[in-house]
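Shown next: model-v1.txt, given as compact mmCIF, C-alpha atoms.
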```
# COMPACT_ATOMS: atom_id res chain seq x y z
CA MET N 1 -4.16 2.65 5.04
CA ALA N 2 -5.72 5.63 6.75
CA LEU N 3 -9.28 4.92 7.78
CA SER N 4 -11.78 7.60 8.68
CA PRO N 5 -12.88 7.18 12.29
CA LEU N 6 -16.42 8.04 13.27
CA ALA N 7 -16.60 11.62 14.39
CA HIS N 8 -18.55 10.72 17.48
CA ARG N 9 -19.13 7.40 19.08
CA THR N 10 -20.76 7.24 22.42
CA LEU N 11 -22.12 4.52 24.59
CA ILE N 12 -24.54 5.99 27.09
CA THR N 13 -24.88 3.75 30.08
CA ALA N 14 -26.47 3.97 33.47
CA ASP N 15 -22.97 4.55 34.88
CA GLN N 16 -23.08 8.06 33.50
CA ASN N 17 -25.97 8.86 35.78
CA SER N 18 -23.87 11.32 37.77
CA LEU N 19 -25.34 14.31 39.46
CA ARG N 20 -23.11 16.87 37.82
CA PHE N 21 -25.89 18.47 35.80
CA GLN N 22 -28.41 18.88 38.56
CA LYS N 23 -27.91 22.59 38.77
CA LYS N 24 -29.54 23.07 35.37
CA LEU N 25 -33.00 24.65 35.45
CA PRO N 26 -35.70 21.99 34.93
CA THR N 27 -37.91 24.40 33.00
CA VAL N 28 -35.81 24.12 29.84
CA VAL N 29 -37.79 22.74 26.89
CA TRP N 30 -35.79 20.39 24.70
CA LYS N 31 -36.12 19.78 20.99
CA ALA N 32 -34.47 17.09 18.87
CA PHE N 33 -32.28 17.46 15.81
CA PRO N 34 -33.44 15.40 12.80
CA LEU N 35 -32.64 11.82 13.78
CA SER N 36 -32.91 8.27 12.44
CA VAL N 37 -33.21 5.58 15.08
CA LYS N 38 -32.86 1.82 14.80
CA THR N 39 -33.75 -0.23 17.86
CA TRP N 40 -32.82 -3.78 18.80
CA GLY N 41 -34.21 -4.74 22.21
CA GLU N 42 -32.73 -2.39 24.80
CA GLU N 43 -30.15 -0.91 22.44
CA SER N 44 -30.73 1.80 19.86
CA ILE N 45 -28.48 3.30 17.23
CA VAL N 46 -29.15 6.99 16.67
CA PHE N 47 -28.01 8.78 13.52
CA ASN N 48 -28.00 12.57 13.57
CA LYS N 49 -28.96 13.65 10.05
CA SER N 50 -27.56 17.15 10.61
CA SER N 51 -24.09 16.25 11.85
CA GLY N 52 -23.69 12.70 10.50
CA SER N 53 -22.72 11.43 13.96
CA THR N 54 -23.84 7.99 15.18
CA HIS N 55 -24.42 6.91 18.77
CA LEU N 56 -25.31 3.74 20.61
CA VAL N 57 -27.80 4.57 23.36
CA ASN N 58 -29.67 2.66 26.05
CA LEU N 59 -33.39 2.23 26.53
CA VAL N 60 -34.00 5.35 28.63
CA ALA N 61 -32.08 7.58 26.23
CA ALA N 62 -33.96 6.10 23.25
CA ARG N 63 -37.32 6.73 24.97
CA ILE N 64 -36.35 10.31 25.76
CA LEU N 65 -35.32 10.89 22.15
CA SER N 66 -38.57 9.42 20.90
CA ILE N 67 -40.62 11.69 23.19
CA VAL N 68 -38.70 14.83 22.26
CA GLN N 69 -38.77 13.93 18.57
CA SER N 70 -42.55 13.77 18.62
CA GLN N 71 -42.85 17.07 20.53
CA PRO N 72 -40.43 19.49 22.26
CA SER N 73 -40.74 18.78 25.98
CA SER N 74 -39.41 19.82 29.39
CA ALA N 75 -37.57 17.44 31.68
CA GLU N 76 -40.64 17.21 33.88
CA GLU N 77 -42.94 16.30 30.97
CA ILE N 78 -40.46 13.73 29.74
CA ALA N 79 -40.02 12.22 33.21
CA ARG N 80 -43.81 11.87 33.55
CA LYS N 81 -44.09 10.14 30.18
CA ILE N 82 -41.18 7.82 30.96
CA ALA N 83 -42.69 6.88 34.32
CA ASN N 84 -45.99 6.29 32.56
CA GLN N 85 -44.40 4.09 29.87
CA MET N 86 -42.54 2.09 32.50
CA GLN N 87 -45.66 1.96 34.70
CA VAL N 88 -43.89 3.28 37.79
CA ASP N 89 -44.47 6.27 40.03
CA LEU N 90 -42.53 9.40 39.15
CA ASP N 91 -39.90 9.89 41.80
CA ASP N 92 -36.66 11.84 42.24
CA GLU N 93 -34.53 9.05 40.82
CA ILE N 94 -36.41 8.97 37.49
CA TYR N 95 -36.46 12.74 37.35
CA GLN N 96 -32.71 13.00 37.98
CA ARG N 97 -31.90 10.28 35.50
CA VAL N 98 -33.97 12.01 32.84
CA ASN N 99 -32.28 15.32 33.60
CA VAL N 100 -28.78 13.85 33.38
CA THR N 101 -29.59 11.93 30.20
CA LEU N 102 -31.06 15.07 28.62
CA GLU N 103 -27.86 16.95 29.35
CA THR N 104 -25.78 14.11 27.91
CA LEU N 105 -27.92 13.92 24.78
CA GLY N 106 -27.62 17.70 24.51
CA SER N 107 -23.84 17.56 24.81
CA LEU N 108 -23.81 14.95 22.02
CA GLY N 109 -25.71 17.29 19.74
CA LEU N 110 -28.82 15.11 19.54
CA LEU N 111 -31.04 17.53 21.49
CA GLU N 112 -30.90 21.24 22.23
CA PRO N 113 -32.86 23.64 24.40
CA LEU N 114 -35.71 25.23 22.45
CA GLY N 115 -34.94 28.76 21.32
CA GLN N 116 -31.23 28.22 20.77
CA MET X 117 -7.81 -11.58 -23.25
CA ILE X 118 -6.24 -12.37 -19.87
CA ILE X 119 -2.77 -11.47 -18.62
CA SER X 120 -1.31 -14.99 -18.95
CA GLU X 121 -2.03 -14.91 -22.69
CA LEU X 122 0.42 -12.05 -23.17
CA PRO X 123 4.03 -13.07 -23.90
CA LYS X 124 6.38 -11.82 -21.17
CA GLY X 125 8.10 -9.25 -23.36
CA GLN X 126 4.80 -7.92 -24.60
CA LEU X 127 3.45 -7.49 -21.07
CA ARG X 128 6.44 -5.28 -20.26
CA GLU X 129 6.04 -3.38 -23.52
CA TRP X 130 2.34 -2.74 -22.96
CA LEU X 131 2.98 -1.65 -19.39
CA ALA X 132 5.51 0.89 -20.67
CA HIS X 133 3.29 2.09 -23.52
CA PRO X 134 0.36 2.57 -23.79
CA GLY X 135 -0.12 0.95 -20.36
CA LEU X 136 -2.14 -2.06 -19.32
CA ALA X 137 -5.84 -1.82 -18.39
CA VAL X 138 -6.73 -4.57 -15.92
CA ARG X 139 -10.21 -5.30 -14.60
CA THR X 140 -10.53 -6.36 -10.95
CA GLY X 141 -14.20 -6.76 -10.07
CA PRO X 142 -16.09 -3.55 -10.90
CA PHE X 143 -12.96 -1.42 -11.42
CA ASP X 144 -10.68 -0.96 -14.41
CA PHE X 145 -7.15 0.19 -13.64
CA HIS X 146 -4.92 1.63 -16.33
CA ILE X 147 -1.37 0.98 -15.16
CA GLN X 148 1.62 2.50 -16.87
CA THR X 149 5.25 1.95 -15.93
CA GLU X 150 8.63 1.09 -17.33
CA ILE X 151 9.57 -0.72 -14.13
CA SER X 152 9.94 -4.34 -15.19
CA GLU X 153 9.43 -5.70 -11.65
CA LEU X 154 5.72 -4.95 -11.93
CA ALA X 155 5.36 -7.18 -14.98
CA ASP X 156 6.84 -10.05 -12.96
CA GLY X 157 4.42 -9.45 -10.10
CA LEU X 158 1.38 -9.19 -12.39
CA ARG X 159 2.34 -12.35 -14.25
CA LEU X 160 2.54 -14.26 -10.95
CA LEU X 161 -0.52 -12.90 -9.17
CA TYR X 162 -2.86 -11.49 -11.82
CA GLU X 163 -2.45 -14.00 -14.66
CA ASP X 164 -6.20 -14.87 -14.75
CA PHE X 165 -7.40 -11.24 -14.73
CA PRO X 166 -8.87 -9.75 -17.92
CA ILE X 167 -7.12 -7.05 -19.92
CA LEU X 168 -9.24 -4.33 -21.54
CA PRO X 169 -8.63 -3.23 -25.12
CA HIS X 170 -9.09 0.51 -24.44
CA PRO X 171 -7.01 1.80 -21.51
CA ASP X 172 -8.41 5.32 -21.91
CA PHE X 173 -11.78 4.18 -20.59
CA ALA X 174 -10.36 2.85 -17.31
CA ASP X 175 -11.68 4.19 -13.98
CA PHE X 176 -8.22 5.00 -12.65
CA HIS X 177 -5.00 5.93 -14.46
CA ILE X 178 -1.95 5.02 -12.42
CA ARG X 179 1.64 5.77 -13.33
CA PHE X 180 4.78 4.52 -11.56
CA ASN X 181 8.12 6.18 -12.33
CA LYS X 182 11.59 5.20 -11.21
CA VAL X 183 13.28 8.19 -9.53
CA ARG X 184 16.68 8.78 -7.93
CA SER X 185 17.77 11.53 -5.59
CA TRP X 186 20.79 12.41 -3.48
CA ARG X 187 18.38 12.38 -0.49
CA TRP X 188 18.11 8.61 -0.81
CA GLY X 189 21.78 8.08 -1.63
CA PHE X 190 20.84 7.73 -5.30
CA ARG X 191 19.15 4.42 -4.54
CA PRO X 192 16.23 3.73 -6.90
CA TYR X 193 12.84 4.84 -5.64
CA VAL X 194 9.40 4.71 -7.20
CA SER X 195 6.96 7.60 -7.41
CA VAL X 196 3.22 7.05 -7.76
CA GLU X 197 0.70 9.16 -9.66
CA VAL X 198 -3.04 8.52 -9.85
CA ASP X 199 -4.90 10.81 -12.26
CA GLY X 200 -2.48 13.62 -11.40
CA ASP X 201 -2.71 12.98 -7.63
CA ARG X 202 0.18 11.60 -5.54
CA PRO X 203 -1.25 9.24 -2.90
CA SER X 204 2.15 8.30 -1.49
CA ALA X 205 5.68 9.64 -1.12
CA PRO X 206 8.29 7.81 -3.27
CA VAL X 207 9.21 4.38 -1.89
CA PRO X 208 12.30 2.22 -2.34
CA LEU X 209 12.13 0.07 -5.46
CA ASP X 210 12.26 -3.16 -3.45
CA GLN X 211 9.00 -2.18 -1.69
CA PHE X 212 7.34 -1.41 -4.99
CA TYR X 213 4.93 -4.32 -5.18
CA ALA X 214 3.35 -3.62 -1.77
CA VAL X 215 2.90 0.00 -2.80
CA PHE X 216 1.28 -1.08 -6.07
CA GLU X 217 -1.39 -3.07 -4.21
CA GLY X 218 -1.81 -0.28 -1.65
CA CYS X 219 -2.28 2.19 -4.49
CA LEU X 220 -5.15 0.14 -5.97
CA ASN X 221 -6.75 0.11 -2.51
CA TRP X 222 -6.26 3.87 -2.23
CA CYS X 223 -8.14 4.42 -5.49
CA ILE X 224 -11.07 2.37 -4.23
CA TYR X 225 -11.44 3.79 -0.75
CA THR X 226 -10.87 7.35 -1.94
CA TYR X 227 -13.34 7.36 -4.81
CA ALA X 228 -15.71 4.36 -4.83
CA HIS X 229 -18.42 5.82 -2.63
CA GLN X 230 -21.15 4.14 -4.65
CA TYR X 231 -20.44 1.24 -2.25
CA LEU X 232 -20.28 0.98 1.50
CA ILE X 233 -16.60 0.06 1.90
CA ILE X 234 -15.69 -2.01 4.94
CA HIS X 235 -12.10 -2.67 5.93
CA ALA X 236 -12.60 -6.42 5.94
CA ALA X 237 -11.80 -9.63 4.15
CA SER X 238 -14.74 -11.61 2.72
CA ILE X 239 -15.10 -15.22 1.73
CA GLU X 240 -18.00 -17.29 0.42
CA ARG X 241 -19.16 -20.86 0.39
CA GLY X 242 -22.53 -22.31 -0.59
CA GLY X 243 -23.88 -18.87 -1.48
CA HIS X 244 -23.27 -17.45 2.00
CA ALA X 245 -20.61 -14.83 2.54
CA VAL X 246 -18.66 -14.18 5.72
CA LEU X 247 -17.26 -10.73 6.42
CA LEU X 248 -14.06 -10.68 8.48
CA PRO X 249 -13.51 -7.10 9.68
CA ALA X 250 -10.62 -6.54 12.03
CA PRO X 251 -7.83 -4.09 12.76
CA PRO X 252 -4.31 -4.85 11.43
CA GLY X 253 -2.54 -7.58 13.41
CA SER X 254 -5.69 -9.49 14.34
CA GLY X 255 -5.03 -12.37 11.96
CA LYS X 256 -7.76 -11.44 9.46
CA SER X 257 -5.70 -11.94 6.29
CA THR X 258 -3.96 -15.04 7.65
CA LEU X 259 -7.33 -16.61 8.35
CA CYS X 260 -8.63 -15.51 4.96
CA ALA X 261 -5.59 -16.97 3.14
CA ALA X 262 -5.99 -20.25 5.02
CA LEU X 263 -9.73 -20.53 4.27
CA ILE X 264 -9.39 -19.85 0.54
CA HIS X 265 -6.97 -22.76 0.37
CA ARG X 266 -9.56 -24.99 2.06
CA GLY X 267 -12.51 -24.55 -0.28
CA TRP X 268 -13.80 -21.06 0.49
CA ARG X 269 -14.05 -18.60 -2.39
CA LEU X 270 -12.11 -15.37 -2.02
CA LEU X 271 -14.30 -12.31 -2.48
CA THR X 272 -11.79 -9.78 -1.25
CA ASP X 273 -8.96 -9.48 1.24
CA GLU X 274 -8.66 -5.84 2.26
CA LEU X 275 -11.73 -3.85 1.22
CA SER X 276 -15.22 -5.35 1.14
CA LEU X 277 -17.63 -3.49 -1.12
CA ILE X 278 -21.29 -3.63 -0.08
CA ASP X 279 -23.79 -2.85 -2.83
CA THR X 280 -26.06 -0.11 -1.50
CA GLU X 281 -29.18 -1.62 -3.11
CA SER X 282 -28.83 -5.37 -2.65
CA ARG X 283 -26.43 -5.28 0.34
CA SER X 284 -24.46 -8.11 -1.29
CA ILE X 285 -20.68 -8.15 -1.50
CA VAL X 286 -19.16 -7.16 -4.84
CA PRO X 287 -15.97 -9.25 -5.21
CA LEU X 288 -12.60 -7.76 -6.07
CA GLY X 289 -10.70 -11.05 -6.05
CA ARG X 290 -7.29 -9.43 -5.71
CA PRO X 291 -4.31 -11.10 -4.01
CA VAL X 292 -4.29 -11.54 -0.23
CA SER X 293 -1.77 -9.38 1.62
CA LEU X 294 0.25 -11.14 4.33
CA LYS X 295 2.68 -9.58 6.75
CA ASN X 296 5.71 -10.79 8.68
CA GLU X 297 5.26 -14.20 10.38
CA SER X 298 1.94 -14.78 8.58
CA ILE X 299 3.91 -15.39 5.38
CA GLU X 300 5.68 -18.46 6.78
CA ILE X 301 2.49 -19.65 8.51
CA ILE X 302 0.60 -19.75 5.20
CA LYS X 303 3.58 -21.24 3.34
CA ASN X 304 3.47 -24.13 5.80
CA PHE X 305 -0.32 -24.33 5.93
CA ALA X 306 -0.83 -24.26 2.15
CA PRO X 307 2.38 -25.33 0.38
CA ASP X 308 0.65 -24.92 -3.00
CA ALA X 309 -0.06 -21.21 -2.36
CA ILE X 310 1.64 -18.95 -4.89
CA PHE X 311 3.41 -15.89 -3.49
CA GLY X 312 4.28 -12.71 -5.35
CA PRO X 313 7.28 -10.40 -4.85
CA ILE X 314 8.28 -9.80 -1.24
CA SER X 315 8.56 -6.21 0.02
CA ARG X 316 10.89 -5.91 3.00
CA ASN X 317 11.40 -3.15 5.58
CA THR X 318 8.13 -1.39 4.83
CA VAL X 319 6.41 0.57 7.62
CA LYS X 320 4.36 -2.60 8.24
CA GLY X 321 7.39 -4.92 8.08
CA THR X 322 7.70 -7.60 5.41
CA ILE X 323 4.74 -7.88 3.04
CA ALA X 324 3.97 -10.60 0.50
CA HIS X 325 0.83 -11.28 -1.53
CA VAL X 326 -0.82 -14.63 -2.19
CA LYS X 327 -2.35 -15.37 -5.58
CA PRO X 328 -6.14 -15.88 -5.52
CA PRO X 329 -7.06 -19.56 -6.09
CA PRO X 330 -8.34 -20.56 -9.57
CA ASN X 331 -12.03 -20.36 -8.59
CA THR X 332 -11.74 -16.62 -7.86
CA VAL X 333 -11.38 -14.54 -10.99
CA GLY X 334 -13.93 -16.43 -13.11
CA ARG X 335 -16.63 -15.60 -10.55
CA LEU X 336 -16.03 -11.91 -9.98
CA ASN X 337 -19.52 -11.08 -11.26
CA ASP X 338 -21.03 -13.48 -8.77
CA HIS X 339 -22.09 -11.28 -5.82
CA SER X 340 -22.84 -12.85 -2.43
CA ARG X 341 -25.25 -12.02 0.37
CA VAL X 342 -23.63 -11.62 3.77
CA ALA X 343 -24.74 -14.26 6.25
CA TRP X 344 -22.18 -13.82 9.03
CA MET X 345 -19.88 -11.15 10.32
CA VAL X 346 -16.97 -12.64 12.25
CA PHE X 347 -14.49 -10.37 14.05
CA PRO X 348 -11.37 -12.54 14.32
CA SER X 349 -8.57 -12.14 16.80
CA PHE X 350 -5.55 -14.40 17.07
CA ARG X 351 -4.03 -15.25 20.46
CA SER X 352 -1.26 -17.80 20.49
CA GLY X 353 -2.36 -21.03 22.15
CA ALA X 354 -5.96 -19.89 22.68
CA ALA X 355 -8.79 -22.37 22.24
CA ILE X 356 -11.62 -21.36 19.90
CA SER X 357 -13.98 -18.95 21.60
CA VAL X 358 -16.97 -17.51 19.78
CA ARG X 359 -19.24 -14.94 21.33
CA GLU X 360 -22.28 -13.51 19.57
CA MET X 361 -22.42 -9.73 19.67
CA SER X 362 -25.49 -7.65 20.37
CA LYS X 363 -26.86 -5.91 17.29
CA GLY X 364 -26.03 -2.48 18.67
CA GLU X 365 -22.42 -3.40 19.42
CA ALA X 366 -22.07 -5.06 16.01
CA PHE X 367 -23.41 -1.95 14.28
CA MET X 368 -20.87 0.28 15.99
CA ARG X 369 -17.99 -2.11 15.29
CA ILE X 370 -18.86 -2.37 11.61
CA ALA X 371 -19.36 1.40 11.34
CA GLU X 372 -15.87 1.85 12.79
CA SER X 373 -14.48 -0.56 10.19
CA ALA X 374 -16.35 1.12 7.34
CA VAL X 375 -14.03 3.45 5.47
CA ASN X 376 -16.80 5.69 4.10
CA TYR X 377 -19.66 5.30 6.60
CA MET X 378 -19.46 9.01 7.48
CA ALA X 379 -19.25 10.04 3.84
CA LEU X 380 -22.39 8.08 2.94
CA GLY X 381 -24.45 9.70 5.71
CA GLN X 382 -28.04 8.47 5.84
CA ILE X 383 -27.39 5.82 3.16
CA GLY X 384 -24.61 4.33 5.29
CA PHE X 385 -26.87 4.22 8.34
CA ASP X 386 -29.70 2.58 6.38
CA ILE X 387 -27.47 -0.07 4.79
CA LEU X 388 -25.76 -0.98 8.04
CA SER X 389 -29.07 -1.14 9.94
CA ALA X 390 -30.53 -3.50 7.35
CA LEU X 391 -27.32 -5.54 7.15
CA VAL X 392 -27.05 -6.01 10.91
CA ASP X 393 -30.72 -7.07 10.95
CA GLU X 394 -30.01 -9.89 8.51
CA ILE X 395 -26.79 -11.40 9.81
CA VAL X 396 -25.22 -13.06 12.81
CA CYS X 397 -22.25 -11.13 14.25
CA CYS X 398 -19.70 -12.66 16.58
CA ARG X 399 -16.26 -12.26 18.04
CA PHE X 400 -14.00 -15.17 17.16
CA GLU X 401 -10.81 -15.83 19.08
CA TYR X 402 -8.49 -18.55 17.82
CA GLY X 403 -5.00 -19.81 18.46
CA ASP X 404 -4.69 -22.59 15.90
CA LEU X 405 -5.32 -22.15 12.19
CA ASN X 406 -6.49 -25.76 11.64
CA GLU X 407 -9.06 -25.47 14.43
CA ALA X 408 -10.26 -22.16 13.01
CA VAL X 409 -10.71 -23.67 9.54
CA GLN X 410 -12.68 -26.53 11.06
CA TRP X 411 -15.01 -24.06 12.78
CA PHE X 412 -15.61 -22.27 9.51
CA ASP X 413 -16.34 -25.60 7.82
CA GLU X 414 -19.16 -26.14 10.32
CA LEU X 415 -20.41 -22.64 9.53
CA SER X 416 -20.62 -23.43 5.82
CA ASN X 417 -22.58 -26.62 6.46
CA ASP X 418 -25.60 -24.55 7.53
CA ASN X 419 -25.02 -26.02 10.94
CA PHE X 420 -24.26 -22.92 12.93
CA PRO X 421 -21.62 -23.85 15.49
CA THR X 422 -21.98 -23.15 19.17
CA VAL X 423 -21.64 -19.54 20.11
CA ILE X 424 -22.03 -17.77 23.39
CA LYS X 425 -25.13 -15.57 23.24
CA PRO X 426 -24.90 -11.85 24.12
CA GLY X 427 -25.09 -11.22 27.82
CA ALA X 428 -24.29 -14.84 28.76
CA SER X 429 -21.56 -15.39 31.31
CA ILE X 430 -18.28 -16.98 30.32
CA ASP X 431 -17.23 -19.93 32.46
```

Whole structure given in C-alpha cells:
Amino acid sequence: MALSPLAHRTLITADQNSLRFQKKLPTVVWKAFPLSVKTWGEESIVFNKSSGSTHLVNLVAARILSIVQSQPSSAEEIARKIANQMQVDLDDEIYQRVNVTLETLGSLGLLEPLGQ
Amino acid sequence: MIISELPKGQLREWLAHPGLAVRTGPFDFHIQTEISELADGLRLLYEDFPILPHPDFADFHIRFNKVRSWRWGFRPYVSVEVDGDRPSAPVPLDQFYAVFEGCLNWCIYTYAHQYLIIHAASIERGGHAVLLPAPPGSGKSTLCAALIHRGWRLLTDELSLIDTESRSIVPLGRPVSLKNESIEIIKNFAPDAIFGPISRNTVKGTIAHVKPPPNTVGRLNDHSRVAWMVFPSFRSGAAISVREMSKGEAFMRIAESAVNYMALGQIGFDILSALVDEIVCCRFEYGDLNEAVQWFDELSNDNFPTVIKPGASID
C-alpha cells in the first residue's frame, strides 16, 4: 500500500547550531507564516497552515516562532526577548543561536524576511 | 441477512449478478465477479458480515474480471475496477484474494477522508483501545492476530479510522492479513484460528488472512477511545522492552503513519494534538509472542506495566 509521506519533517536540535549563516545581515526583519503550535514541555509541533508542513522544534525555535508570530522582529530584537525570557544576559552565543535558528526556520518555510 | 445464511450456490450467483453488497464497519462495498474463488473466501472469512438489500446504494462498486493474455502465457489473471478506476494492474488468479482485501483498503485510504486514517492495527479490551502503528515487517499484524485470539477485540488490522469529532476508533473488523512466516506462527499459537485462501508469490511474499473472532462483527458499531499507542517491533530472542515516547516524537511518528494527515491539513493537526494529549505512547520491542500477550494482559487490567520514561537511560 502506498502511503503518503509528510512533505516536510524536521527535527531542529542544538546540533544544527552551525555558523554557516553568520554572513546574513542582522537587520533583516522576520515575519511568520500562519502557524498552529502545540507544545509539550521542551518540544513543540508546528503546523504551517499555508503549506501543510509539520515540524518538531525545540524550545528556542518555539520561542522565536512565538515572538515573530506576535510581531515581525529583527534577530537583535528576538535575541533580546529570548535572553529576557531566559533571564540571562544577551551575549554572542545567544545572538548567534537566534540567527542560525531564524535562518533554519526560514529555510523550512515557517518564517520569511519582511517585504518578500 | 448475513453471508452465512446464503446457500453456497446463491452466494456465487449473487456475486455474478447483481453483485453482493457487504457492510464492513461504516462502509458498504458492492462486489461483482464471476470468479468463484471469491465466494469461497467470503464464506470462510466474512460469514458473519451483513449483506445489504440494495447494492446500488453502496459506497464503492468493485468489479473483478478474469482476463487472459499472451503476455502472461494465457494464464488466468484478474483485473480490478473500482467505480471506473483501476487501482491495480491485473494479478495472477492465485493471488486474487490478497488483491481483493488490498482493493477494499485502497477504497478506504483513497476516499474516506472524513476520518483520520492511520496505518495501524487496533484492538480493544475493557473499553480501552490500543493502536499498533508500525511499518511492514515489524510484527504488527502477528501481534494483533495473537491478541485477538487471547481475549482482545479486533477493531481493525490494517487501517485505523479515527473519528474527527470524538477521536474514537471506528471499527472495520475485517480479516487480519499475515505474511510469510507469520502464518505458521499464528497457526501454532492459535490452532483454532480460521485462515482464508493463501496467495503465494505476491510482491510481499505469501499472504493469508485470518477470520475475525466471533466477538468482532456484532460490535462494529461499538467505537472505542484510544488509551495507548504502542509501536511494536519484533526482534528474535529479544526480551520485552518498553520505552515511553515523548509527546513530540509520538506526534511525528503517528503523523508519518497517518495515510491522510497531509490531506486533512489543520483538522489532522488538531486531532493528532488532542489524541497525543490523551494517550500514552511507547515503543514495544518483543521477541516472544507469549510474553508480548502477557504484557498486553497487564495493560488491559488498568495496571499500566513498567515502561522506561522518556529521557531515562537504558541499563

Report, in Å to a single decimal, how far apart CA of Ser50 (chain N) and CA of Gln85 (chain N) are.
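Going from CA of Gln85 (chain N) over to CA of Ser50 (chain N) covers 28.7 Å.
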
Test item: residues at most 7 Å from Glu274 (chain X), only C-alpha atoms, excluding those fewer than 2 positions along its chain, as an mmCIF file with C-alpha atoms, in the coordinates of the input:
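Result file follows (part.cif):
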```cif
data_model
loop_
_atom_site.group_PDB
_atom_site.id
_atom_site.type_symbol
_atom_site.label_atom_id
_atom_site.label_comp_id
_atom_site.auth_asym_id
_atom_site.auth_seq_id
_atom_site.Cartn_x
_atom_site.Cartn_y
_atom_site.Cartn_z
ATOM 1 C CA HIS X 235 -12.100 -2.670 5.930
ATOM 2 C CA ALA X 236 -12.600 -6.420 5.940
ATOM 3 C CA ALA X 237 -11.800 -9.630 4.150
ATOM 4 C CA THR X 272 -11.790 -9.780 -1.250
ATOM 5 C CA SER X 276 -15.220 -5.350 1.140
#
```

Which residue out of X:Ile310, X:Trp411, X:Arg399, X:Thr226 has the minimum interatomic distance to chain N when all atoms listed in the file are used?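 Answer, going by the shortest atom-to-atom distance: X:Thr226.
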
So that I can see what lies close to Phe165 (chain X), please list as a PyMOL selection string the residues with an atom at most 7 Å from it, counting all atoms listed in the file and leaving out residues fewer than 6 positions away in the same chain. chain X and resi 118-119+138-140+333

Residue with the minimum atom-to-atom distance to chain N, picked from X:Gly364, X:Pro287, X:Pro251, X:Gly157 with all atoms listed in the file counted, is X:Gly364

Proximal residues of chain X relative to chain N (only C-alpha atoms; 8 Å) as an mmCIF file with C-alpha atoms, in the coordinates of the input:
```cif
data_model
loop_
_atom_site.group_PDB
_atom_site.id
_atom_site.type_symbol
_atom_site.label_atom_id
_atom_site.label_comp_id
_atom_site.auth_asym_id
_atom_site.auth_seq_id
_atom_site.Cartn_x
_atom_site.Cartn_y
_atom_site.Cartn_z
ATOM 1 C CA GLY X 218 -1.810 -0.280 -1.650
ATOM 2 C CA TRP X 222 -6.260 3.870 -2.230
ATOM 3 C CA LYS X 363 -26.860 -5.910 17.290
ATOM 4 C CA GLY X 364 -26.030 -2.480 18.670
ATOM 5 C CA GLU X 365 -22.420 -3.400 19.420
ATOM 6 C CA PHE X 367 -23.410 -1.950 14.280
ATOM 7 C CA MET X 368 -20.870 0.280 15.990
ATOM 8 C CA ALA X 371 -19.360 1.400 11.340
ATOM 9 C CA GLU X 372 -15.870 1.850 12.790
ATOM 10 C CA SER X 373 -14.480 -0.560 10.190
ATOM 11 C CA VAL X 375 -14.030 3.450 5.470
ATOM 12 C CA ASN X 376 -16.800 5.690 4.100
ATOM 13 C CA TYR X 377 -19.660 5.300 6.600
ATOM 14 C CA MET X 378 -19.460 9.010 7.480
ATOM 15 C CA GLY X 381 -24.450 9.700 5.710
ATOM 16 C CA GLN X 382 -28.040 8.470 5.840
ATOM 17 C CA PHE X 385 -26.870 4.220 8.340
ATOM 18 C CA SER X 389 -29.070 -1.140 9.940
#
```

Quick one: distance from CA of Cys260 (chain X) to CA of Val392 (chain X) in Å, one decimal?
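Value for the CA of Cys260 (chain X)-CA of Val392 (chain X) distance: 21.6 Å.
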
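Atom pair CA of Pro330 (chain X) / CA of Leu263 (chain X) has a distance of 13.9 Å (rounded to one decimal).
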
**Request:** Tell me which of X:Ser284, X:Asn406, X:Thr318, X:Ser120 sits closest to Glu394 (chain X), counting all atoms listed in the file.
**Result:**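 Closest candidate: X:Ser284.
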
- [ ] Give me the residues within 8 Å of Ile370 (chain X) as an MDAnalysis selection string, counting all atoms listed in the file and dropping any in the same chain fewer than 4 places off.
- [x] chainID X and resid 234 249 366 374 388

Residues near Leu111 (chain N), cut-off 10 Å, all atoms listed in the file, skip fewer than 2 positions along chain, as number ranges by chain
N: 30-35, 48, 64-65, 68-69, 72, 102-109, 113-114

Dump of region 88-97 of chain N from preceding block, N, CA and C atoms, as a CSV table (one decimal), in the first residue's frame:
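Writing the result to part.csv gives the following:
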```csv
chain,number,residue,atom,x,y,z
N,88,VAL,N,18.8,35.7,31.2
N,88,VAL,CA,20.3,35.7,31.1
N,88,VAL,C,20.7,36.9,30.3
N,89,ASP,N,22.0,37.2,30.4
N,89,ASP,CA,22.5,38.4,29.7
N,89,ASP,C,22.6,38.0,28.2
N,90,LEU,N,22.3,39.0,27.4
N,90,LEU,CA,22.4,38.8,25.9
N,90,LEU,C,23.9,38.8,25.6
N,91,ASP,N,24.3,37.7,25.0
N,91,ASP,CA,25.7,37.6,24.6
N,91,ASP,C,25.8,37.1,23.2
N,92,ASP,N,27.0,36.9,22.7
N,92,ASP,CA,27.2,36.5,21.3
N,92,ASP,C,26.6,35.1,21.0
N,93,GLU,N,26.7,34.2,22.0
N,93,GLU,CA,26.2,32.9,21.8
N,93,GLU,C,24.7,32.9,21.5
N,94,ILE,N,24.0,33.6,22.4
N,94,ILE,CA,22.5,33.7,22.2
N,94,ILE,C,22.2,34.3,20.8
N,95,TYR,N,22.9,35.4,20.6
N,95,TYR,CA,22.7,36.1,19.3
N,95,TYR,C,22.9,35.2,18.1
N,96,GLN,N,24.0,34.5,18.1
N,96,GLN,CA,24.3,33.6,17.0
N,96,GLN,C,23.3,32.4,16.9
N,97,ARG,N,22.9,31.9,18.1
N,97,ARG,CA,22.0,30.8,18.0
N,97,ARG,C,20.6,31.3,17.4
```
